[in-house]
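Engineer: Coordinates in data.cif, mmCIF, C-alpha atoms and all ligand atoms, are listed below.
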```cif
data_work
loop_
_atom_site.label_atom_id
_atom_site.label_comp_id
_atom_site.auth_asym_id
_atom_site.auth_seq_id
_atom_site.Cartn_x
_atom_site.Cartn_y
_atom_site.Cartn_z
CA MET F 1 219.63 -102.69 -29.19
CA THR F 2 218.33 -99.84 -31.29
CA HIS F 3 214.85 -101.26 -31.85
CA ILE F 4 212.99 -98.25 -30.42
CA LEU F 5 214.65 -95.91 -32.89
CA THR F 6 214.20 -98.41 -35.70
CA ASP F 7 210.49 -98.53 -34.88
CA LEU F 8 210.40 -94.74 -34.77
CA ILE F 9 211.96 -94.49 -38.23
CA LYS F 10 209.41 -97.02 -39.50
CA ALA F 11 206.56 -95.03 -37.97
CA LEU F 12 207.88 -91.79 -39.51
CA THR F 13 208.18 -93.51 -42.89
CA ASN F 14 204.73 -95.09 -42.87
CA GLY F 15 203.04 -92.01 -41.44
CA GLU F 16 202.04 -93.41 -38.05
CA VAL F 17 204.11 -90.60 -36.58
CA ARG F 18 203.90 -87.15 -38.13
CA VAL F 19 206.40 -84.30 -37.88
CA VAL F 20 204.47 -81.12 -37.05
CA ASP F 21 206.10 -77.74 -37.58
CA LEU F 22 205.37 -75.46 -34.60
CA THR F 23 207.37 -72.57 -36.09
CA GLN F 24 206.31 -69.20 -37.58
CA PRO F 25 208.04 -68.08 -40.79
CA LEU F 26 210.99 -65.83 -39.85
CA GLY F 27 211.34 -62.68 -41.95
CA PRO F 28 211.40 -58.87 -41.82
CA ASP F 29 207.64 -58.84 -41.16
CA THR F 30 207.78 -61.23 -38.20
CA PRO F 31 206.22 -59.35 -35.26
CA VAL F 32 208.57 -58.53 -32.38
CA ILE F 33 207.48 -57.57 -28.88
CA ASP F 34 206.90 -53.83 -28.42
CA LEU F 35 208.18 -52.39 -25.14
CA PRO F 36 207.13 -48.91 -24.01
CA PRO F 37 209.88 -46.29 -23.54
CA PRO F 38 212.30 -46.03 -21.78
CA PHE F 39 212.88 -49.75 -22.45
CA ALA F 40 215.17 -50.55 -25.40
CA PRO F 41 213.33 -52.05 -28.38
CA SER F 42 214.40 -55.31 -30.02
CA PRO F 43 214.97 -54.88 -33.75
CA PRO F 44 213.00 -56.94 -36.26
CA LEU F 45 214.92 -59.23 -38.59
CA SER F 46 216.85 -57.46 -41.36
CA LYS F 47 218.60 -59.24 -44.17
CA GLU F 48 221.33 -58.20 -46.56
CA THR F 49 222.46 -60.27 -49.51
CA ILE F 50 226.15 -61.20 -49.48
CA SER F 51 225.94 -62.59 -52.99
CA GLU F 52 223.35 -64.14 -55.23
CA TYR F 53 224.93 -65.93 -58.19
CA ASP F 54 226.59 -62.65 -59.15
CA ASP F 55 230.06 -61.00 -59.16
CA GLY F 56 230.25 -61.37 -55.37
CA GLY F 57 229.69 -65.11 -55.67
CA PRO F 58 228.94 -66.46 -59.13
CA ALA F 59 227.71 -69.88 -58.00
CA TRP F 60 226.32 -69.17 -54.55
CA TYR F 61 223.58 -67.34 -52.64
CA TRP F 62 223.77 -66.29 -49.00
CA ASN F 63 222.68 -63.52 -46.67
CA THR F 64 223.71 -61.66 -43.56
CA ILE F 65 220.94 -61.49 -40.98
CA ARG F 66 220.55 -59.21 -37.97
CA LEU F 67 217.91 -59.83 -35.35
CA GLY F 68 217.20 -59.80 -31.63
CA GLU F 69 217.61 -63.12 -29.87
CA HIS F 70 213.89 -62.99 -29.04
CA THR F 71 212.46 -62.71 -32.55
CA GLY F 72 209.64 -64.85 -33.91
CA THR F 73 209.36 -68.42 -32.70
CA HIS F 74 212.10 -68.42 -30.08
CA PHE F 75 213.48 -69.98 -26.92
CA ASP F 76 213.85 -68.08 -23.61
CA ALA F 77 216.77 -69.23 -21.46
CA PRO F 78 216.81 -68.66 -17.67
CA VAL F 79 219.54 -66.00 -17.97
CA HIS F 80 217.04 -63.89 -19.96
CA TRP F 81 215.52 -62.76 -16.65
CA ILE F 82 217.25 -61.26 -13.64
CA THR F 83 215.75 -64.00 -11.45
CA GLY F 84 217.72 -66.61 -13.45
CA ARG F 85 220.90 -64.56 -13.73
CA ASP F 86 222.99 -66.53 -11.25
CA LEU F 87 221.70 -70.05 -11.96
CA PRO F 88 224.10 -72.68 -13.32
CA ASP F 89 223.78 -73.71 -16.98
CA ASN F 90 221.37 -70.83 -17.65
CA SER F 91 222.27 -69.77 -21.20
CA THR F 92 221.71 -71.24 -24.66
CA ASP F 93 225.21 -72.74 -24.84
CA THR F 94 225.23 -74.40 -21.40
CA ILE F 95 221.72 -75.85 -20.93
CA PRO F 96 222.08 -79.66 -21.00
CA VAL F 97 220.86 -80.81 -24.42
CA ALA F 98 218.55 -83.48 -22.98
CA ALA F 99 216.23 -80.58 -22.07
CA PHE F 100 215.73 -79.86 -25.76
CA VAL F 101 213.59 -82.98 -26.24
CA GLY F 102 210.49 -83.40 -24.10
CA GLN F 103 206.88 -84.45 -24.14
CA ALA F 104 204.06 -81.98 -24.73
CA CYS F 105 201.09 -81.35 -22.47
CA VAL F 106 198.68 -79.16 -24.42
CA ILE F 107 196.06 -77.16 -22.56
CA ASP F 108 193.40 -75.85 -24.91
CA VAL F 109 191.89 -72.52 -23.85
CA SER F 110 191.11 -71.26 -27.36
CA ALA F 111 187.37 -71.03 -26.60
CA GLN F 112 188.01 -68.82 -23.55
CA VAL F 113 190.51 -66.65 -25.45
CA ALA F 114 188.06 -66.16 -28.33
CA LYS F 115 185.78 -64.44 -25.81
CA ASN F 116 188.49 -62.69 -23.81
CA PRO F 117 191.90 -61.78 -25.29
CA ASP F 118 193.19 -61.08 -21.75
CA PHE F 119 192.40 -64.62 -20.58
CA LEU F 120 194.80 -65.87 -17.90
CA LEU F 121 195.35 -69.54 -17.15
CA SER F 122 194.87 -70.33 -13.45
CA SER F 123 196.28 -73.18 -11.38
CA GLU F 124 192.68 -74.42 -11.10
CA ASP F 125 192.62 -74.75 -14.90
CA VAL F 126 195.83 -76.78 -14.73
CA LEU F 127 194.43 -79.03 -12.00
CA ALA F 128 191.21 -79.52 -14.00
CA TRP F 129 193.31 -80.52 -17.02
CA GLU F 130 195.30 -82.92 -14.83
CA ALA F 131 192.11 -84.49 -13.46
CA GLU F 132 191.37 -85.53 -17.04
CA HIS F 133 194.83 -86.26 -18.42
CA GLY F 134 196.98 -87.01 -15.40
CA ARG F 135 199.59 -84.97 -13.60
CA ILE F 136 201.95 -83.03 -15.90
CA PRO F 137 205.09 -85.20 -15.87
CA ASP F 138 208.53 -83.92 -15.00
CA GLY F 139 210.44 -82.91 -18.13
CA ALA F 140 207.31 -81.99 -20.10
CA TRP F 141 206.52 -78.75 -21.89
CA LEU F 142 203.23 -77.13 -20.95
CA LEU F 143 201.94 -75.73 -24.24
CA LEU F 144 199.12 -73.20 -23.98
CA ARG F 145 196.84 -73.52 -26.98
CA THR F 146 195.04 -70.18 -27.38
CA GLY F 147 194.37 -70.01 -31.11
CA TRP F 148 196.33 -66.74 -31.08
CA SER F 149 198.58 -67.85 -33.96
CA LYS F 150 195.59 -67.68 -36.31
CA ARG F 151 195.64 -63.89 -36.00
CA GLN F 152 196.94 -62.39 -39.24
CA GLY F 153 199.25 -59.37 -39.30
CA ARG F 154 201.30 -57.49 -36.73
CA GLU F 155 198.41 -55.38 -35.37
CA ALA F 156 196.09 -58.31 -34.69
CA PHE F 157 198.93 -60.44 -33.32
CA LEU F 158 200.35 -57.85 -30.87
CA ASN F 159 196.86 -56.39 -30.24
CA PRO F 160 198.06 -53.05 -28.86
CA ALA F 161 195.80 -50.47 -27.16
CA GLU F 162 196.25 -47.19 -25.25
CA ASP F 163 196.92 -49.16 -22.09
CA GLY F 164 199.35 -51.62 -23.68
CA PRO F 165 198.96 -54.92 -25.52
CA HIS F 166 196.12 -57.37 -24.84
CA SER F 167 196.94 -61.05 -25.24
CA PRO F 168 196.47 -64.17 -23.10
CA GLY F 169 198.91 -65.73 -20.66
CA PHE F 170 199.28 -67.02 -17.12
CA ALA F 171 197.88 -65.64 -13.87
CA VAL F 172 200.50 -64.68 -11.27
CA GLU F 173 199.53 -67.55 -8.98
CA CYS F 174 199.62 -70.00 -11.89
CA ALA F 175 203.11 -68.94 -12.98
CA ARG F 176 204.29 -69.39 -9.37
CA PHE F 177 202.54 -72.78 -9.11
CA LEU F 178 204.03 -74.10 -12.37
CA ALA F 179 207.52 -72.89 -11.47
CA ARG F 180 207.51 -74.31 -7.94
CA ASP F 181 205.16 -77.28 -7.94
CA ARG F 182 205.65 -78.88 -11.36
CA GLY F 183 208.86 -80.25 -12.87
CA ILE F 184 208.14 -78.91 -16.33
CA LEU F 185 210.82 -77.79 -18.79
CA GLY F 186 208.85 -74.60 -19.26
CA VAL F 187 205.84 -73.14 -21.00
CA GLY F 188 205.22 -72.64 -24.71
CA VAL F 189 202.74 -70.14 -26.08
CA GLU F 190 201.30 -68.90 -29.37
CA THR F 191 201.71 -65.23 -28.40
CA VAL F 192 204.76 -62.98 -28.83
CA GLY F 193 205.97 -63.64 -25.26
CA THR F 194 205.28 -66.12 -22.47
CA ASP F 195 203.64 -63.43 -20.36
CA ALA F 196 200.21 -61.96 -21.02
CA GLY F 197 200.01 -58.65 -22.89
CA GLN F 198 199.05 -56.79 -19.72
CA ALA F 199 201.62 -58.59 -17.53
CA GLY F 200 203.72 -55.45 -17.12
CA THR F 201 200.99 -54.22 -14.74
CA PHE F 202 200.93 -57.45 -12.67
CA ASP F 203 202.53 -57.92 -9.23
CA PRO F 204 205.23 -58.96 -9.83
CA PRO F 205 205.43 -57.63 -13.38
CA PHE F 206 205.95 -60.37 -16.02
CA PRO F 207 205.32 -63.20 -13.52
CA THR F 208 205.88 -66.02 -16.02
CA HIS F 209 209.37 -64.76 -16.83
CA THR F 210 210.03 -63.96 -13.16
CA PHE F 211 209.01 -67.33 -11.71
CA MET F 212 209.84 -69.71 -14.55
CA HIS F 213 213.34 -68.39 -15.24
CA GLY F 214 213.99 -68.02 -11.50
CA ALA F 215 213.30 -71.76 -11.28
CA GLY F 216 215.68 -72.52 -14.19
CA LYS F 217 212.83 -73.23 -16.60
CA PHE F 218 212.45 -72.14 -20.22
CA GLY F 219 210.01 -70.46 -22.57
CA LEU F 220 208.89 -71.01 -26.14
CA THR F 221 206.94 -68.30 -27.92
CA SER F 222 205.11 -67.59 -31.17
CA LEU F 223 204.30 -71.27 -31.68
CA ILE F 224 201.85 -72.37 -34.38
CA ASN F 225 199.92 -75.55 -35.15
CA LEU F 226 199.27 -76.46 -31.51
CA ASP F 227 195.80 -77.51 -32.72
CA GLN F 228 197.53 -80.39 -34.53
CA LEU F 229 198.81 -81.90 -31.28
CA PRO F 230 196.99 -84.24 -28.93
CA SER F 231 196.60 -83.19 -25.27
CA THR F 232 199.37 -85.63 -24.36
CA GLY F 233 201.66 -87.97 -26.26
CA ALA F 234 203.53 -85.65 -28.63
CA VAL F 235 207.28 -85.08 -28.37
CA VAL F 236 208.70 -81.57 -28.79
CA ILE F 237 212.16 -80.98 -30.22
CA ALA F 238 213.24 -77.41 -29.45
CA ALA F 239 216.98 -76.73 -29.54
CA PRO F 240 218.12 -73.10 -29.52
CA LEU F 241 221.25 -71.99 -31.35
CA LYS F 242 224.36 -72.53 -29.26
CA ILE F 243 224.96 -68.80 -28.87
CA VAL F 244 227.68 -68.23 -26.28
CA ARG F 245 225.92 -66.70 -23.24
CA GLY F 246 222.79 -66.37 -25.35
CA SER F 247 219.64 -65.28 -23.53
CA GLY F 248 217.55 -67.12 -26.08
CA SER F 249 217.39 -67.74 -29.79
CA PRO F 250 215.07 -68.17 -32.71
CA LEU F 251 214.70 -71.86 -33.45
CA ARG F 252 212.77 -74.42 -35.46
CA VAL F 253 210.36 -76.15 -33.12
CA LEU F 254 209.16 -79.57 -34.25
CA ALA F 255 206.75 -82.02 -32.68
CA LEU F 256 206.46 -85.74 -33.29
CA ALA F 257 202.80 -86.59 -33.02
CA PRO F 258 200.71 -89.73 -33.55
CA ALA F 259 198.84 -89.68 -36.86
CA ALA F 260 195.59 -90.94 -35.37
CA ARG F 261 194.00 -88.42 -32.99
MN MN N 1 211.70 -64.11 -25.26
#
```
Could you write out this file's structure as structure tokens?

Structural biologist:
Amino acid sequence: MTHILTDLIKALTNGEVRVVDLTQPLGPDTPVIDLPPPFAPSPPLSKETISEYDDGGPAWYWNTIRLGEHTGTHFDAPVHWITGRDLPDNSTDTIPVAAFVGQACVIDVSAQVAKNPDFLLSSEDVLAWEAEHGRIPDGAWLLLRTGWSKRQGREAFLNPAEDGPHSPGFAVECARFLARDRGILGVGVETVGTDAGQAGTFDPPFPTHTFMHGAGKFGLTSLINLDQLPSTGAVVIAAPLKIVRGSGSPLRVLALAPAAR
């Protein structure tokens, strides 16, 4: 009755299936998205020791943490955007948990992004990928492999300029296409947010957030190690904290991937 899970445990034990960590370290130096005034900034993580084997707690160590819900590797819930405000089950505590496990479709555009940090995925790119790998199944994550997570330090990662940040993402028409014409869970990216750095200037602004959350879909950001996943066939486990009416949350994102590539 449980043979599939028994086989999975065997495969995890003998290394046929690997657990890949898709999560950035979460600390005070973790880069957080920078919004121009008058928009309210999200604070970086700060940490205060409650006790560390001392008078406050002779045998125990623990901390208080303060951070924005959208810090580091994190999950975007539909309620995060005004377009998803009135949808049912739109926050971290009400999304059905089955949505937290799904297969990964990885589109590799790292070569294009190496030449152009403002690269935008188009629906033609998606269709070209599908011609090779098959249609993106319902309930899958579309993970955009850009190589961006290899950038070291806040400056290189956020890549700010006079005219705002420059980082890759999705073209307006592609965001609309993915939201309306594919049954994906959402999109996952290596950058600080699911929208491109320049997306504030697009029409509509921040189209990935606008269309995806308006369609009840999710986002995953600041992912790493996407280069360790096959184009298809990996399973993503991404469960946000059950924050009551949470708009998102930092989380540990794991992938189960075949050892042989
Ligand atoms: Mn977010």

Engineer: Under the rule that only C-alpha atoms are counted, which of F:Ile50, F:Leu35, F:Ile9, F:Val253 is the nearest residue to F:Phe100?

Structural biologist: F:Val253

Engineer: Could you list, as a ChimeraX atom specification, all the residues within 7 Å of ligand MN 1 (chain N), counting only C-alpha atoms and all ligand atoms?

Structural biologist: /F:70,74-76,193,221,248

Engineer: Please write the residues from the selection above to a file, keeping C-alpha atoms, as a PDB file, in the frame of the given file.

Structural biologist:
```pdb
ATOM      1  CA  HIS F  70     213.890 -62.990 -29.040  1.00  0.00           C
ATOM      2  CA  HIS F  74     212.100 -68.420 -30.080  1.00  0.00           C
ATOM      3  CA  PHE F  75     213.480 -69.980 -26.920  1.00  0.00           C
ATOM      4  CA  ASP F  76     213.850 -68.080 -23.610  1.00  0.00           C
ATOM      5  CA  GLY F 193     205.970 -63.640 -25.260  1.00  0.00           C
ATOM      6  CA  THR F 221     206.940 -68.300 -27.920  1.00  0.00           C
ATOM      7  CA  GLY F 248     217.550 -67.120 -26.080  1.00  0.00           C
TER       8      GLY F 248
END
```

Engineer: Quick one: which stretch 13-110 of chain F residues come within 12 Å of stretch 2-8 of chain F, and what is the nearest atom pair for each with the distance in Å to one decimal, counting all atoms listed in the file, rows ordered by chain and ascending number, as JSON lines?

Structural biologist:
```
{"residue": "F:Thr13", "atom": "CA", "partner": "F:Leu8", "partner_atom": "CA", "distance": 8.5}
{"residue": "F:Asn14", "atom": "CA", "partner": "F:Leu8", "partner_atom": "CA", "distance": 9.9}
{"residue": "F:Gly15", "atom": "CA", "partner": "F:Leu8", "partner_atom": "CA", "distance": 10.3}
{"residue": "F:Glu16", "atom": "CA", "partner": "F:Leu8", "partner_atom": "CA", "distance": 9.1}
{"residue": "F:Val17", "atom": "CA", "partner": "F:Leu8", "partner_atom": "CA", "distance": 7.7}
{"residue": "F:Arg18", "atom": "CA", "partner": "F:Leu8", "partner_atom": "CA", "distance": 10.5}
{"residue": "F:Val19", "atom": "CA", "partner": "F:Leu8", "partner_atom": "CA", "distance": 11.6}
```

Engineer: Show me the residues close to (197.9, -63.9, -20.9) - anything with an atom within 8 Å, counting only C-alpha atoms - and format the list as a list in words.

Structural biologist: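 Within 8 Å of (197.9, -63.9, -20.9), the protein and nucleic acid residues are Pro117, Asp118, Phe119, Leu120, Leu121, His166, Ser167, Pro168, Gly169, Phe170, Ala171, Thr194, Asp195, Ala196, Gly197, Gln198 and Ala199 of chain F.
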
Engineer: Would you please work out which residue, of F:Leu251, F:Ile82, F:Leu229, F:Val192, is nearest to F:Ala156 when using only C-alpha atoms?

Structural biologist: F:Val192

Engineer: Axis-aligned box over every listed atom of stretch 10-24 of chain F, padded by 4 Å per side: centre and edges in Å to one decimal, as AutoDock Vina command-line options?

Structural biologist:
```
--center_x 205.7 --center_y -83.1 --center_z -38.7 --size_x 15.4 --size_y 35.8 --size_z 16.3
```

Engineer: Could you list, as a list in words, every residue within 12 Å of F:Ala99, counting only C-alpha atoms and ignoring same-chain residues fewer than 5 positions away?

Structural biologist: Phe75, Ala77, Asp89, Asn90, Thr92, Thr94, Asp138, Gly139, Ala140, Trp141, Gly183, Ile184, Leu185, Gly186, Gly216, Lys217, Phe218, Gly219, Val235, Val236, Ile237, Ala238, Ala239 and Pro240 of chain F

Engineer: Dump as a ChimeraX atom specification all residues having an atom at most 10 Å from (197.2, -77.1, -14.9), computed in the file's coordinates with all atoms listed in the file.

Structural biologist: /F:105-107,121-131,134-136,142,174,177-178,182

Engineer: Tell me, in Å to one decimal, how far atom CA of F:Thr208 is from atom CA of F:Pro28.

Structural biologist: 27.3 Å
